[in-house]
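One file, query_21.csv, is given below (CSV, C-alpha atoms).
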chain,number,residue,atom,x,y,z
A,12,MET,CA,-9.4,31.2,-18.4
A,13,ASP,CA,-7.2,30.8,-15.3
A,14,ILE,CA,-6.5,27.1,-15.6
A,15,PRO,CA,-3.8,26.4,-18.2
A,16,LEU,CA,-5.2,24.6,-21.3
A,17,GLY,CA,-2.2,22.5,-21.7
A,18,ARG,CA,-1.7,20.4,-24.8
A,19,ARG,CA,-5.0,20.0,-26.8
A,20,ASN,CA,-5.5,17.7,-29.8
A,21,ALA,CA,-7.0,20.6,-31.8
A,22,ILE,CA,-5.5,22.9,-34.4
A,23,PRO,CA,-8.0,25.3,-36.1
A,24,ILE,CA,-7.5,26.5,-39.6
A,25,LEU,CA,-9.1,29.5,-41.3
A,26,TYR,CA,-9.5,30.0,-45.1
A,27,THR,CA,-9.9,33.6,-46.0
A,28,ARG,CA,-9.7,36.0,-49.0
A,29,GLY,CA,-9.6,39.7,-49.3
A,30,THR,CA,-7.4,42.8,-48.7
A,31,HIS,CA,-4.8,42.8,-46.0
A,32,TYR,CA,-7.2,44.4,-43.6
A,33,ASP,CA,-10.0,42.0,-44.5
A,34,VAL,CA,-7.8,39.0,-43.9
A,35,GLY,CA,-6.6,40.4,-40.6
A,36,PHE,CA,-10.2,41.2,-39.5
A,37,ASP,CA,-11.4,37.7,-40.4
A,38,VAL,CA,-8.5,36.2,-38.4
A,39,GLY,CA,-9.4,38.4,-35.4
A,40,ARG,CA,-13.1,37.7,-35.6
A,41,THR,CA,-12.7,34.0,-36.1
A,42,PHE,CA,-10.2,33.5,-33.3
A,43,LYS,CA,-11.3,36.3,-31.0
A,44,GLY,CA,-11.5,34.1,-27.9
A,45,ILE,CA,-8.1,32.5,-28.5
A,46,ILE,CA,-6.5,35.9,-29.1
A,47,GLN,CA,-8.1,37.7,-26.1
A,48,ASP,CA,-7.1,34.8,-23.8
A,49,TYR,CA,-3.6,34.8,-25.1
A,50,VAL,CA,-3.2,38.6,-24.7
A,51,GLN,CA,-4.7,38.5,-21.2
A,52,HIS,CA,-2.3,35.8,-20.0
A,53,ASN,CA,0.9,36.6,-21.9
A,54,SER,CA,3.3,37.3,-19.1
A,55,GLN,CA,6.0,39.0,-21.3
A,56,LEU,CA,3.4,41.3,-22.8
A,57,ASN,CA,1.7,42.3,-19.5
A,58,ASN,CA,4.8,42.3,-17.2
A,59,GLU,CA,7.4,43.8,-19.5
A,60,TYR,CA,6.3,45.2,-22.8
A,61,ILE,CA,3.2,47.2,-21.7
A,62,PRO,CA,4.9,48.8,-18.7
A,63,LEU,CA,7.8,49.9,-20.9
A,64,HIS,CA,5.3,51.2,-23.5
A,65,GLU,CA,3.9,53.4,-20.8
A,66,THR,CA,7.2,55.1,-20.3
A,67,GLU,CA,8.4,58.1,-22.3
A,68,LYS,CA,11.5,56.3,-23.7
A,69,GLY,CA,9.7,53.1,-24.4
A,70,LYS,CA,6.8,54.9,-26.2
A,71,LYS,CA,9.4,56.7,-28.4
A,72,VAL,CA,11.0,53.4,-29.5
A,73,TYR,CA,7.5,52.0,-30.1
A,74,GLU,CA,6.6,55.0,-32.3
A,75,ASP,CA,9.9,55.0,-34.2
A,76,ILE,CA,9.4,51.3,-35.1
A,77,LEU,CA,5.8,51.8,-36.1
A,78,LYS,CA,6.9,54.7,-38.3
A,79,CYS,CA,9.4,52.4,-40.0
A,80,CYS,CA,6.8,49.7,-40.5
A,81,ASN,CA,4.3,52.2,-41.9
A,82,LEU,CA,6.9,53.4,-44.4
A,83,ASN,CA,8.0,50.0,-45.7
A,84,TYR,CA,5.2,47.6,-44.9
A,85,PRO,CA,2.0,49.6,-44.3
A,86,GLN,CA,-0.1,46.6,-45.6
A,87,TYR,CA,1.1,44.5,-42.6
A,88,VAL,CA,0.3,47.3,-40.2
A,89,ARG,CA,-3.2,47.3,-41.7
A,90,GLU,CA,-3.3,43.5,-41.3
A,91,ILE,CA,-2.6,43.8,-37.6
A,92,GLN,CA,-5.2,46.6,-37.3
A,93,GLY,CA,-7.7,44.3,-38.9
A,94,THR,CA,-6.9,41.6,-36.4
A,95,ALA,CA,-7.2,44.1,-33.5
A,96,ASP,CA,-10.6,45.3,-34.8
A,97,GLY,CA,-11.9,41.8,-35.4
A,98,SER,CA,-10.8,40.5,-31.9
A,99,ASP,CA,-11.6,43.7,-29.9
A,100,VAL,CA,-8.0,43.8,-28.7
A,101,PRO,CA,-6.2,47.2,-28.7
A,102,PHE,CA,-3.9,47.6,-31.6
A,103,TYR,CA,-0.9,48.7,-29.5
A,104,LYS,CA,-1.1,45.4,-27.6
A,105,LEU,CA,-0.9,43.3,-30.8
A,106,LEU,CA,1.9,45.5,-32.2
A,107,LEU,CA,3.8,45.0,-28.9
A,108,LEU,CA,3.6,41.2,-29.4
A,109,HIS,CA,5.5,41.9,-32.7
A,110,ILE,CA,8.1,44.4,-31.4
A,111,GLY,CA,8.1,44.2,-27.6
A,112,HIS,CA,11.4,42.3,-27.3
A,113,ILE,CA,13.2,45.1,-29.2
A,114,ILE,CA,12.2,47.9,-26.8
A,115,PRO,CA,14.1,46.8,-23.6
A,116,VAL,CA,17.2,45.8,-25.5
A,117,VAL,CA,17.3,49.2,-27.3
A,118,LEU,CA,16.9,50.9,-24.0
A,119,GLY,CA,19.7,48.9,-22.4
A,120,ILE,CA,17.4,47.2,-19.9
A,121,ASP,CA,18.7,43.8,-18.7
A,122,CYS,CA,15.8,41.4,-19.1
A,123,GLY,CA,18.0,38.5,-18.0
A,124,ASN,CA,19.3,35.6,-20.1
A,125,GLU,CA,17.1,32.8,-18.8
A,126,ASN,CA,15.1,32.6,-22.0
A,127,THR,CA,15.2,29.3,-23.8
A,128,CYS,CA,12.4,30.0,-26.2
A,129,GLY,CA,13.3,28.7,-29.7
A,130,CYS,CA,12.8,26.0,-32.3
A,131,SER,CA,14.7,23.3,-34.1
A,132,SER,CA,14.8,22.7,-37.9
A,133,VAL,CA,16.3,20.0,-39.9
A,134,CYS,CA,16.7,19.8,-43.7
A,135,CYS,CA,17.3,16.4,-45.4
A,136,ASN,CA,18.1,16.5,-49.1
A,137,GLU,CA,18.3,13.0,-50.5
A,138,PRO,CA,17.3,11.8,-54.0
A,139,ALA,CA,14.3,9.8,-52.7
A,140,GLN,CA,13.6,11.9,-49.5
A,141,ALA,CA,13.5,15.7,-49.4
A,142,ILE,CA,12.3,16.8,-46.0
A,143,LEU,CA,12.1,20.0,-44.0
A,144,GLY,CA,11.2,19.2,-40.4
A,145,HIS,CA,10.5,21.8,-37.7
A,146,THR,CA,9.5,21.9,-34.0
A,147,GLU,CA,7.6,25.1,-33.1
A,148,ASP,CA,8.7,25.8,-29.5
A,149,ALA,CA,7.3,28.6,-27.4
A,150,TYR,CA,6.5,29.6,-23.8
A,151,ALA,CA,4.0,27.2,-22.4
A,152,ASP,CA,1.2,29.8,-22.4
A,153,SER,CA,1.3,29.5,-26.2
A,154,LEU,CA,0.1,25.9,-26.1
A,155,SER,CA,-3.4,25.7,-27.7
A,156,HIS,CA,-3.1,29.4,-28.6
A,157,PHE,CA,-2.2,29.1,-32.2
A,158,TYR,CA,-4.0,28.4,-35.5
A,159,PHE,CA,-3.4,28.0,-39.2
A,160,VAL,CA,-4.3,30.7,-41.7
A,161,SER,CA,-4.8,29.9,-45.4
A,162,ALA,CA,-5.1,33.3,-47.1
A,163,HIS,CA,-5.5,34.7,-50.6
A,164,ILE,CA,-4.8,38.4,-50.5
A,165,ILE,CA,-5.8,40.6,-53.4
A,166,CYS,CA,-5.1,44.3,-53.6
A,167,ASP,CA,-6.2,47.0,-56.1
A,168,GLU,CA,-2.7,48.5,-56.1
A,169,PRO,CA,0.8,47.1,-55.4
A,170,GLN,CA,1.6,47.2,-51.7
A,171,GLY,CA,4.6,48.1,-49.6
A,172,LYS,CA,8.3,48.1,-50.3
A,173,TRP,CA,8.2,45.2,-52.8
A,174,LYS,CA,5.1,46.3,-54.6
A,175,VAL,CA,3.1,43.1,-54.2
A,176,SER,CA,-0.5,43.0,-55.3
A,177,GLU,CA,-1.4,39.3,-54.7
A,178,GLU,CA,-0.4,36.7,-52.1
A,179,ARG,CA,-1.5,33.1,-51.5
A,180,PHE,CA,0.0,31.2,-48.5
A,181,VAL,CA,-0.6,28.9,-45.6
A,182,SER,CA,1.0,29.6,-42.2
A,183,LEU,CA,1.0,28.6,-38.6
A,184,CYS,CA,0.3,31.7,-36.5
A,185,TYR,CA,0.6,32.5,-32.8
A,186,ALA,CA,-2.6,34.1,-31.5
A,187,GLY,CA,-2.8,37.7,-32.7
A,188,HIS,CA,0.4,37.6,-34.7
A,189,LEU,CA,1.1,38.1,-38.3
A,190,PRO,CA,1.5,34.9,-40.4
A,191,GLY,CA,5.0,33.9,-41.6
A,192,PHE,CA,7.0,33.7,-38.3
A,193,THR,CA,6.9,30.0,-37.7
A,194,MET,CA,6.5,27.5,-40.6
A,195,SER,CA,4.8,28.3,-43.8
A,196,TYR,CA,4.5,27.9,-47.6
A,197,ASN,CA,3.2,30.0,-50.5
A,198,TYR,CA,1.7,29.2,-53.9
A,199,ASP,CA,4.9,30.1,-55.6
A,200,GLY,CA,6.4,27.0,-54.0
A,201,LEU,CA,8.3,28.6,-51.2
A,202,VAL,CA,8.6,26.4,-48.1
A,203,TYR,CA,10.3,27.7,-44.9
A,204,SER,CA,10.7,27.6,-41.2
A,205,ILE,CA,12.1,30.2,-38.7
A,206,ASN,CA,14.5,29.9,-35.8
A,207,VAL,CA,14.8,32.9,-33.5
A,208,ILE,CA,18.3,34.1,-32.4
A,209,TYR,CA,18.8,36.6,-29.6
A,210,ALA,CA,21.5,39.1,-30.6
A,211,LYS,CA,23.1,41.0,-27.8
A,212,GLU,CA,22.6,44.5,-29.4
A,213,LEU,CA,19.4,45.7,-31.2
A,214,PHE,CA,18.7,49.0,-32.8
A,215,ALA,CA,15.7,51.1,-33.8
A,216,PRO,CA,14.2,52.2,-36.0
A,217,LYS,CA,14.7,49.0,-37.9
A,218,THR,CA,12.4,46.4,-39.3
A,219,PRO,CA,11.1,43.8,-36.8
A,220,GLU,CA,11.7,40.2,-37.7
A,221,PHE,CA,8.0,39.5,-37.7
A,222,PHE,CA,7.5,41.9,-40.6
A,223,LEU,CA,10.5,40.5,-42.6
A,224,CYS,CA,9.2,36.9,-42.0
A,225,ARG,CA,5.7,38.1,-43.1
A,226,ALA,CA,7.2,39.5,-46.3
A,227,LEU,CA,8.9,36.2,-47.0
A,228,LEU,CA,5.4,34.9,-47.9
A,229,THR,CA,5.6,37.0,-51.1
A,230,ALA,CA,8.9,35.4,-52.3
A,231,LYS,CA,8.9,33.7,-55.7
A,232,ASN,CA,12.6,32.6,-55.7
A,233,VAL,CA,15.7,32.5,-53.6
A,234,THR,CA,16.7,36.0,-54.9
A,235,ASP,CA,13.5,37.4,-53.5
A,236,VAL,CA,14.3,35.7,-50.2
A,237,GLU,CA,17.7,37.3,-50.0
A,238,ASN,CA,16.5,40.7,-50.9
A,239,ILE,CA,13.7,40.6,-48.3
A,240,LEU,CA,16.1,39.5,-45.6
A,241,LYS,CA,18.7,42.1,-46.5
A,242,ASP,CA,16.0,44.7,-46.3
A,243,LYS,CA,18.1,47.3,-48.1
A,244,GLY,CA,17.4,50.8,-47.0
A,245,CYS,CA,16.6,49.8,-43.4
A,246,GLY,CA,17.7,46.3,-42.2
A,247,SER,CA,16.5,43.9,-39.6
A,248,ALA,CA,16.0,45.0,-36.0
A,249,GLU,CA,16.7,41.4,-34.8
A,250,GLY,CA,18.6,38.2,-35.5
A,251,PHE,CA,17.0,35.0,-36.8
A,252,SER,CA,17.6,32.0,-39.0
A,253,VAL,CA,15.5,30.9,-42.0
A,254,ASN,CA,15.4,27.4,-43.5
A,255,VAL,CA,14.2,27.6,-47.1
A,256,THR,CA,13.5,25.5,-50.2
A,257,PHE,CA,11.3,25.7,-53.2
A,258,LEU,CA,8.9,23.0,-54.5
A,259,ASP,CA,9.3,23.9,-58.2
A,260,GLU,CA,12.9,25.2,-58.4
A,261,PRO,CA,14.5,24.4,-61.8
A,262,GLY,CA,17.4,22.1,-61.7
A,263,GLU,CA,18.6,20.1,-58.7
A,264,ARG,CA,16.7,20.5,-55.5
A,265,LEU,CA,18.5,22.8,-53.0
A,266,PHE,CA,17.8,23.8,-49.4
A,267,TYR,CA,19.2,27.0,-47.9
A,268,ASN,CA,19.8,28.2,-44.4
A,269,PHE,CA,20.1,32.0,-44.0
A,270,GLU,CA,21.5,33.5,-40.8
A,271,VAL,CA,20.3,37.1,-40.4
A,272,GLY,CA,22.1,39.6,-38.2
A,273,ALA,CA,20.6,42.8,-37.0
A,274,SER,CA,21.4,46.0,-38.9
A,275,THR,CA,23.4,48.6,-36.9
A,276,LEU,CA,22.6,52.3,-36.7
A,277,SER,CA,25.5,53.0,-39.2
A,278,THR,CA,24.2,50.4,-41.8
A,279,ASP,CA,21.1,50.2,-43.9
A,280,GLU,CA,20.7,46.4,-44.4
A,281,SER,CA,20.8,43.2,-42.5
A,282,ILE,CA,23.9,41.1,-42.0
A,283,LEU,CA,23.4,37.9,-44.0
A,284,ASN,CA,25.0,34.5,-44.4
A,285,LYS,CA,23.7,31.8,-46.8
A,286,LEU,CA,24.4,28.1,-46.6
A,287,VAL,CA,23.4,26.0,-49.6
A,288,VAL,CA,22.4,22.4,-48.8
A,289,LYS,CA,23.0,20.3,-51.9
A,290,PRO,CA,21.6,16.9,-52.8
A,291,GLY,CA,23.0,14.3,-50.4
A,292,ASP,CA,23.6,16.9,-47.7
A,293,TYR,CA,21.7,18.1,-44.6
A,294,SER,CA,21.5,20.9,-42.1
A,295,PHE,CA,20.3,21.4,-38.5
A,296,HIS,CA,19.7,24.7,-36.9
A,297,CYS,CA,18.5,25.9,-33.5
A,298,ASN,CA,18.7,29.3,-31.8
A,299,LYS,CA,22.3,30.4,-32.1
A,300,TYR,CA,24.6,31.6,-34.9
A,301,LEU,CA,26.7,28.8,-36.5
A,302,ARG,CA,28.5,31.0,-39.0
A,303,LEU,CA,27.9,34.7,-38.4
A,304,LYS,CA,30.1,36.3,-35.8
A,305,VAL,CA,27.4,38.3,-34.1
A,306,PRO,CA,27.4,38.7,-30.3
A,307,GLU,CA,24.5,36.9,-28.6
A,308,VAL,CA,22.8,37.2,-25.2
A,309,GLY,CA,24.2,33.9,-24.0
A,310,GLY,CA,22.6,32.1,-21.1
A,311,LEU,CA,20.0,29.3,-21.3
A,312,ILE,CA,19.1,29.9,-25.0
A,313,VAL,CA,22.6,29.1,-26.1
A,314,GLU,CA,22.9,26.2,-23.6
A,315,SER,CA,19.7,24.8,-25.0
A,316,SER,CA,20.8,25.2,-28.6
A,317,ASP,CA,24.2,23.6,-27.8
A,318,SER,CA,22.4,20.7,-26.1
A,319,ARG,CA,20.1,20.2,-29.1
A,320,GLN,CA,23.1,20.4,-31.5
A,321,ARG,CA,24.8,17.7,-29.5
A,322,VAL,CA,21.8,15.5,-29.9
A,323,PHE,CA,21.9,16.0,-33.7
A,324,ASP,CA,25.7,15.4,-33.8
A,325,LYS,CA,25.2,12.1,-31.8
A,326,TYR,CA,22.8,10.7,-34.4
A,327,LYS,CA,23.7,9.8,-37.9
A,328,ALA,CA,22.5,12.5,-40.4
A,329,PRO,CA,18.8,11.8,-41.2
A,330,LYS,CA,18.2,10.4,-44.7
A,331,THR,CA,14.5,9.6,-44.5
A,332,LYS,CA,11.3,11.1,-43.2
A,333,LYS,CA,11.2,8.4,-40.4
A,334,GLU,CA,14.7,9.4,-39.2
A,335,VAL,CA,13.7,13.1,-39.2
A,336,ILE,CA,10.7,12.3,-37.1
A,337,HIS,CA,12.8,10.3,-34.8
A,338,LEU,CA,15.3,13.1,-34.3
A,339,LEU,CA,12.5,15.7,-33.7
A,340,SER,CA,10.9,13.4,-31.1
A,341,HIS,CA,14.1,13.2,-29.0
A,342,GLN,CA,13.5,13.5,-25.2
A,343,GLU,CA,16.5,11.7,-23.7
A,344,GLU,CA,19.1,12.5,-21.1
A,345,ASP,CA,19.8,16.2,-21.6
A,346,ASN,CA,18.0,19.0,-19.7
A,347,PHE,CA,17.2,20.6,-23.1
A,348,THR,CA,15.6,18.1,-25.4
A,349,ILE,CA,14.5,18.6,-29.0
A,350,PHE,CA,10.8,17.7,-28.3
A,351,ARG,CA,9.9,19.8,-25.3
A,352,ASP,CA,6.9,19.2,-23.0
A,353,TYR,CA,6.3,21.7,-20.2
A,354,ASN,CA,5.6,20.2,-16.8
A,355,TYR,CA,2.8,22.2,-15.2
A,356,ASN,CA,3.3,20.3,-11.9
A,357,ASP,CA,6.9,21.5,-11.6
A,358,PRO,CA,7.0,25.3,-11.5
A,359,LYS,CA,10.7,25.2,-10.8
A,360,ALA,CA,11.4,23.3,-14.0
A,361,ARG,CA,14.5,24.7,-15.7
A,362,GLU,CA,12.9,25.2,-19.1
A,363,PRO,CA,9.3,26.6,-19.2
A,364,ILE,CA,9.1,25.9,-22.9
A,365,ALA,CA,6.9,23.5,-24.9
A,366,THR,CA,6.9,22.2,-28.4
A,367,ILE,CA,3.5,23.4,-29.5
A,368,ALA,CA,3.5,21.9,-33.0
A,369,ILE,CA,5.7,19.9,-35.3
A,370,GLY,CA,5.7,20.2,-39.1
A,371,ILE,CA,7.1,17.7,-41.6
A,372,PHE,CA,7.3,19.1,-45.2
A,373,ASP,CA,7.7,16.3,-47.7
A,374,LEU,CA,8.9,18.0,-50.9
A,375,ILE,CA,8.6,14.9,-53.1
A,376,LYS,CA,5.1,13.9,-52.0
A,377,ARG,CA,4.2,17.6,-51.7
A,378,THR,CA,2.6,17.3,-48.3
A,379,TRP,CA,2.8,19.1,-45.0
A,380,SER,CA,2.1,16.8,-42.0
A,381,VAL,CA,1.2,18.7,-38.8
A,382,TYR,CA,1.5,17.1,-35.3
A,383,ALA,CA,0.2,18.5,-32.0
A,384,ASP,CA,2.2,16.0,-29.9
A,385,LYS,CA,5.4,13.9,-30.1
A,386,PRO,CA,5.4,12.8,-33.7
A,387,GLU,CA,7.1,9.4,-33.2
A,388,GLU,CA,4.2,8.4,-30.9
A,389,ASN,CA,1.3,10.1,-32.6
A,390,GLU,CA,-0.4,10.3,-36.0
A,391,PRO,CA,-0.4,13.8,-37.6
A,392,MET,CA,-3.4,15.9,-36.8
A,393,PHE,CA,-3.8,16.6,-40.5
A,394,ILE,CA,-1.8,16.5,-43.7
A,395,LEU,CA,-2.1,19.5,-46.0
A,396,PRO,CA,-1.3,19.3,-49.8
A,397,LEU,CA,1.4,21.7,-50.9
A,398,THR,CA,-0.5,23.3,-53.7
A,399,THR,CA,1.3,25.7,-56.0
A,400,LYS,CA,0.5,27.7,-59.1
A,401,ARG,CA,1.5,24.8,-61.3
A,402,ASP,CA,-1.4,22.8,-59.9
A,403,LYS,CA,-4.1,25.1,-61.3
Using structure tokens, write down the structure that the file contains.
Amino acid sequence: MDIPLGRRNAIPILYTRGTHYDVGFDVGRTFKGIIQDYVQHNSQLNNEYIPLHETEKGKKVYEDILKCCNLNYPQYVREIQGTADGSDVPFYKLLLLHIGHIIPVVLGIDCGNENTCGCSSVCCNEPAQAILGHTEDAYADSLSHFYFVSAHIICDEPQGKWKVSEERFVSLCYAGHLPGFTMSYNYDGLVYSINVIYAKELFAPKTPEFFLCRALLTAKNVTDVENILKDKGCGSAEGFSVNVTFLDEPGERLFYNFEVGASTLSTDESILNKLVVKPGDYSFHCNKYLRLKVPEVGGLIVESSDSRQRVFDKYKAPKTKKEVIHLLSHQEEDNFTIFRDYNYNDPKAREPIATIAIGIFDLIKRTWSVYADKPEENEPMFILPLTTKRDK
């Protein structure tokens, strides 16, 4: 459709079971209209990634990355293929949604540094309140182009680099994208959210962040998380941050923030830094490195992250769910707020980014509250139970 949908009070969810291809196909078939509309109107895909894919150098980077993904994570390639077949969208377009950003950077093409696309996550680890809150922020054309997938994947043989034969998870997904890149949890009790970080240099063939985040849905403990993020033998093609906790971790409850740096051509694993958030502590992360010394693109994405960090620093550290919701609803003074609402009536607005959804994971009540609008002023669209294997 040519008229922007804007913010809708509707978030669809699909329950599906089968192989990786089956689950991908069911996603594509069920959300065919949403995926086709998103692909048709995605400006980055159509104006940057597809034209580069049509060049000899761009096609080579694409093929090198696809070869790497087929070697280590062929099951996720099949999942994308299933979504492509189910939605009647060409496979290469969906794969470009997952790897497109890497191509111009690897080729040394200056795409500008005016991007402010990114999310905010806060961890509150108190004895009576254990909360992971997350704003999912994206270009405004992603508004109303996302859905939830609750999947139970069963395979006859172990799959991919980590030899996984069964997966059960729930994840918020952008249209046509693999699960795992936003906010998610799995039936082993893993709960996490993702913050993108734009490193200045990227390399290929390495593993795209979408594939590593998808692999996180198989993690059973923090050691699994570290191994997946390190991606020994290849390494991440991109930088990002992961906020992690486990529902049923033995001993005291811990949260973790992992900063991931892209692997270079001379190394075979990601750069990794782990912050442990102990009881009585907290963490806040946006879209820049706080600990790793990795060169970043700079520009508006860093300005936006610095602005949101200042907001967090101004408030007292959140100790309750109510205070986390208040922080994630912030829309005062600065150009770059934590809750972002794109103004369609002002095409010159500095930040064409919108908070498309907000998630509040309550680890004590074992619930996931999902909002489609400013959480301090609205009821959640729905509240999902955080069901794990212990609940069988």
Check your understanding: What lies within 10 Å of range 220-230 of chain A using all atoms listed in the file, ignoring chain neighbours under 4 positions off, as a ChimeraX atom specification?
Key -> /A:80,83-84,87-88,108-110,113,171-182,188-205,207,234-242,246-251,253,271,273
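Between CA of Glu390 in chain A and CA of Asn298 in chain A lies a distance of 27.3 Å.
Using all atoms listed in the file, the residues found no farther than 12 Å from Thr41 in chain A, other than those of its own chain fewer than 2 positions away, are Pro23, Ile24, Leu25, Tyr26, Thr27, Asp33, Val34, Gly35, Phe36, Asp37, Val38, Gly39, Lys43, Gly44, Ile45, Ile46, Gln47, Gly93, Thr94, Ala95, Asp96, Gly97, Ser98, Asp99, Tyr158, Phe159, Val160, Ala186 and Gly187 of chain A.
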Residues from last step as file, C-alpha atoms, as a PDB file, keeping the file's coordinate frame:
ATOM      1  CA  PRO A  23      -8.000  25.300 -36.100  1.00  0.00           C
ATOM      2  CA  ILE A  24      -7.500  26.500 -39.600  1.00  0.00           C
ATOM      3  CA  LEU A  25      -9.100  29.500 -41.300  1.00  0.00           C
ATOM      4  CA  TYR A  26      -9.500  30.000 -45.100  1.00  0.00           C
ATOM      5  CA  THR A  27      -9.900  33.600 -46.000  1.00  0.00           C
ATOM      6  CA  ASP A  33     -10.000  42.000 -44.500  1.00  0.00           C
ATOM      7  CA  VAL A  34      -7.800  39.000 -43.900  1.00  0.00           C
ATOM      8  CA  GLY A  35      -6.600  40.400 -40.600  1.00  0.00           C
ATOM      9  CA  PHE A  36     -10.200  41.200 -39.500  1.00  0.00           C
ATOM     10  CA  ASP A  37     -11.400  37.700 -40.400  1.00  0.00           C
ATOM     11  CA  VAL A  38      -8.500  36.200 -38.400  1.00  0.00           C
ATOM     12  CA  GLY A  39      -9.400  38.400 -35.400  1.00  0.00           C
ATOM     13  CA  LYS A  43     -11.300  36.300 -31.000  1.00  0.00           C
ATOM     14  CA  GLY A  44     -11.500  34.100 -27.900  1.00  0.00           C
ATOM     15  CA  ILE A  45      -8.100  32.500 -28.500  1.00  0.00           C
ATOM     16  CA  ILE A  46      -6.500  35.900 -29.100  1.00  0.00           C
ATOM     17  CA  GLN A  47      -8.100  37.700 -26.100  1.00  0.00           C
ATOM     18  CA  GLY A  93      -7.700  44.300 -38.900  1.00  0.00           C
ATOM     19  CA  THR A  94      -6.900  41.600 -36.400  1.00  0.00           C
ATOM     20  CA  ALA A  95      -7.200  44.100 -33.500  1.00  0.00           C
ATOM     21  CA  ASP A  96     -10.600  45.300 -34.800  1.00  0.00           C
ATOM     22  CA  GLY A  97     -11.900  41.800 -35.400  1.00  0.00           C
ATOM     23  CA  SER A  98     -10.800  40.500 -31.900  1.00  0.00           C
ATOM     24  CA  ASP A  99     -11.600  43.700 -29.900  1.00  0.00           C
ATOM     25  CA  TYR A 158      -4.000  28.400 -35.500  1.00  0.00           C
ATOM     26  CA  PHE A 159      -3.400  28.000 -39.200  1.00  0.00           C
ATOM     27  CA  VAL A 160      -4.300  30.700 -41.700  1.00  0.00           C
ATOM     28  CA  ALA A 186      -2.600  34.100 -31.500  1.00  0.00           C
ATOM     29  CA  GLY A 187      -2.800  37.700 -32.700  1.00  0.00           C
TER      30      GLY A 187
END
Check your understanding: So how many Å separate CA of Glu307 in chain A and CA of Val116 in chain A, to one decimal?
Key ->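 Taking CA of Glu307 in chain A and CA of Val116 in chain A, their separation equals 11.9 Å.
Closest to Gly244 in chain A among A:Thr275, A:Thr256, A:Ser315, A:Thr30 is A:Thr275, based on all atoms listed in the file.
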Hey, could you make a per-residue contact list for range 204-307 of chain A against range 328-334 of chain A with 12 Å as the cut-off, showing the nearest pair of atoms and its distance in Å to one decimal, counting all atoms listed in the file, sorted by chain and number, as a tab-separated table?
residue	atom	partner	partner_atom	distance
A:Pro290	CA	A:Lys330	CA	10.9
A:Gly291	CA	A:Lys330	CA	8.4
A:Asp292	CA	A:Ala328	CA	8.6
A:Tyr293	CA	A:Ala328	CA	7.0
A:Ser294	CA	A:Ala328	CA	8.6
A:Phe295	CA	A:Ala328	CA	9.4
Would you output that residue set with C-alpha atoms, as a PDB file, in the coordinates of the input?
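See again37.pdb below for the written result:
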ATOM      1  CA  PRO A 290      21.600  16.900 -52.800  1.00  0.00           C
ATOM      2  CA  GLY A 291      23.000  14.300 -50.400  1.00  0.00           C
ATOM      3  CA  ASP A 292      23.600  16.900 -47.700  1.00  0.00           C
ATOM      4  CA  TYR A 293      21.700  18.100 -44.600  1.00  0.00           C
ATOM      5  CA  SER A 294      21.500  20.900 -42.100  1.00  0.00           C
ATOM      6  CA  PHE A 295      20.300  21.400 -38.500  1.00  0.00           C
TER       7      PHE A 295
END
Study note, to complete from the structure: Of A:Val133, A:Gln170, A:Phe266, A:Leu63, the one nearest to Arg89 in chain A when counting only C-alpha atoms is A:Gln170
**Study point:** Between CA of Leu118 in chain A and CA of Val100 in chain A, distance in Å (one decimal)
**Key:**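 Taking CA of Leu118 in chain A as the start and CA of Val100 in chain A as the end point, the length is 26.3 Å.
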Revision key, fill the gap. Using all atoms listed in the file, the shortest atom-to-atom distance to Ile394 in chain A among A:Cys79, A:Val381, A:Cys134, A:Ala162 belongs to A:Val381
Leaving out range 336-343 of chain A and any residue of its chain fewer than 5 positions from it, which residues lie within 8 Å of it when counting all atoms listed in the file, given as an mmCIF file with C-alpha atoms, keeping the file's coordinate frame?
data_model
loop_
_atom_site.group_PDB
_atom_site.id
_atom_site.type_symbol
_atom_site.label_atom_id
_atom_site.label_comp_id
_atom_site.auth_asym_id
_atom_site.auth_seq_id
_atom_site.Cartn_x
_atom_site.Cartn_y
_atom_site.Cartn_z
ATOM 1 C CA SER A 131 14.700 23.300 -34.100
ATOM 2 C CA GLY A 144 11.200 19.200 -40.400
ATOM 3 C CA HIS A 145 10.500 21.800 -37.700
ATOM 4 C CA THR A 146 9.500 21.900 -34.000
ATOM 5 C CA PHE A 323 21.900 16.000 -33.700
ATOM 6 C CA TYR A 326 22.800 10.700 -34.400
ATOM 7 C CA PRO A 329 18.800 11.800 -41.200
ATOM 8 C CA THR A 348 15.600 18.100 -25.400
ATOM 9 C CA ILE A 349 14.500 18.600 -29.000
ATOM 10 C CA PHE A 350 10.800 17.700 -28.300
ATOM 11 C CA ARG A 351 9.900 19.800 -25.300
ATOM 12 C CA ILE A 371 7.100 17.700 -41.600
ATOM 13 C CA LYS A 385 5.400 13.900 -30.100
ATOM 14 C CA PRO A 386 5.400 12.800 -33.700
ATOM 15 C CA GLU A 387 7.100 9.400 -33.200
#
Review point. Could you pull the residues within 7 Å of Tyr267 in chain A, counting only C-alpha atoms, minus those fewer than 3 positions along the same chain, as a PyMOL selection string?
Key: chain A and resi 254-256+285-288
Check your understanding: Which of these residues is nearest to Pro62 in chain A, using all atoms listed in the file: A:Lys304, A:Lys104, A:Arg319, A:Lys327?
Key ->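 The closest residue to Pro62 in chain A is A:Lys104.
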Review point. From the set A:Leu213, A:Cys135, A:Ala21, A:Cys297, which residue has the shortest atom-to-atom contact distance to Ile120 in chain A, counting all atoms listed in the file?
Key: A:Leu213
Exercise for review: Can you work out which one of A:Arg377, A:Asn20, A:Arg264, A:Tyr73 has the shortest atom-to-atom distance to Asn389 in chain A, counting all atoms listed in the file?
Suggested key: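 Checking each candidate against Asn389 in chain A, we get A:Asn20 as the closest.
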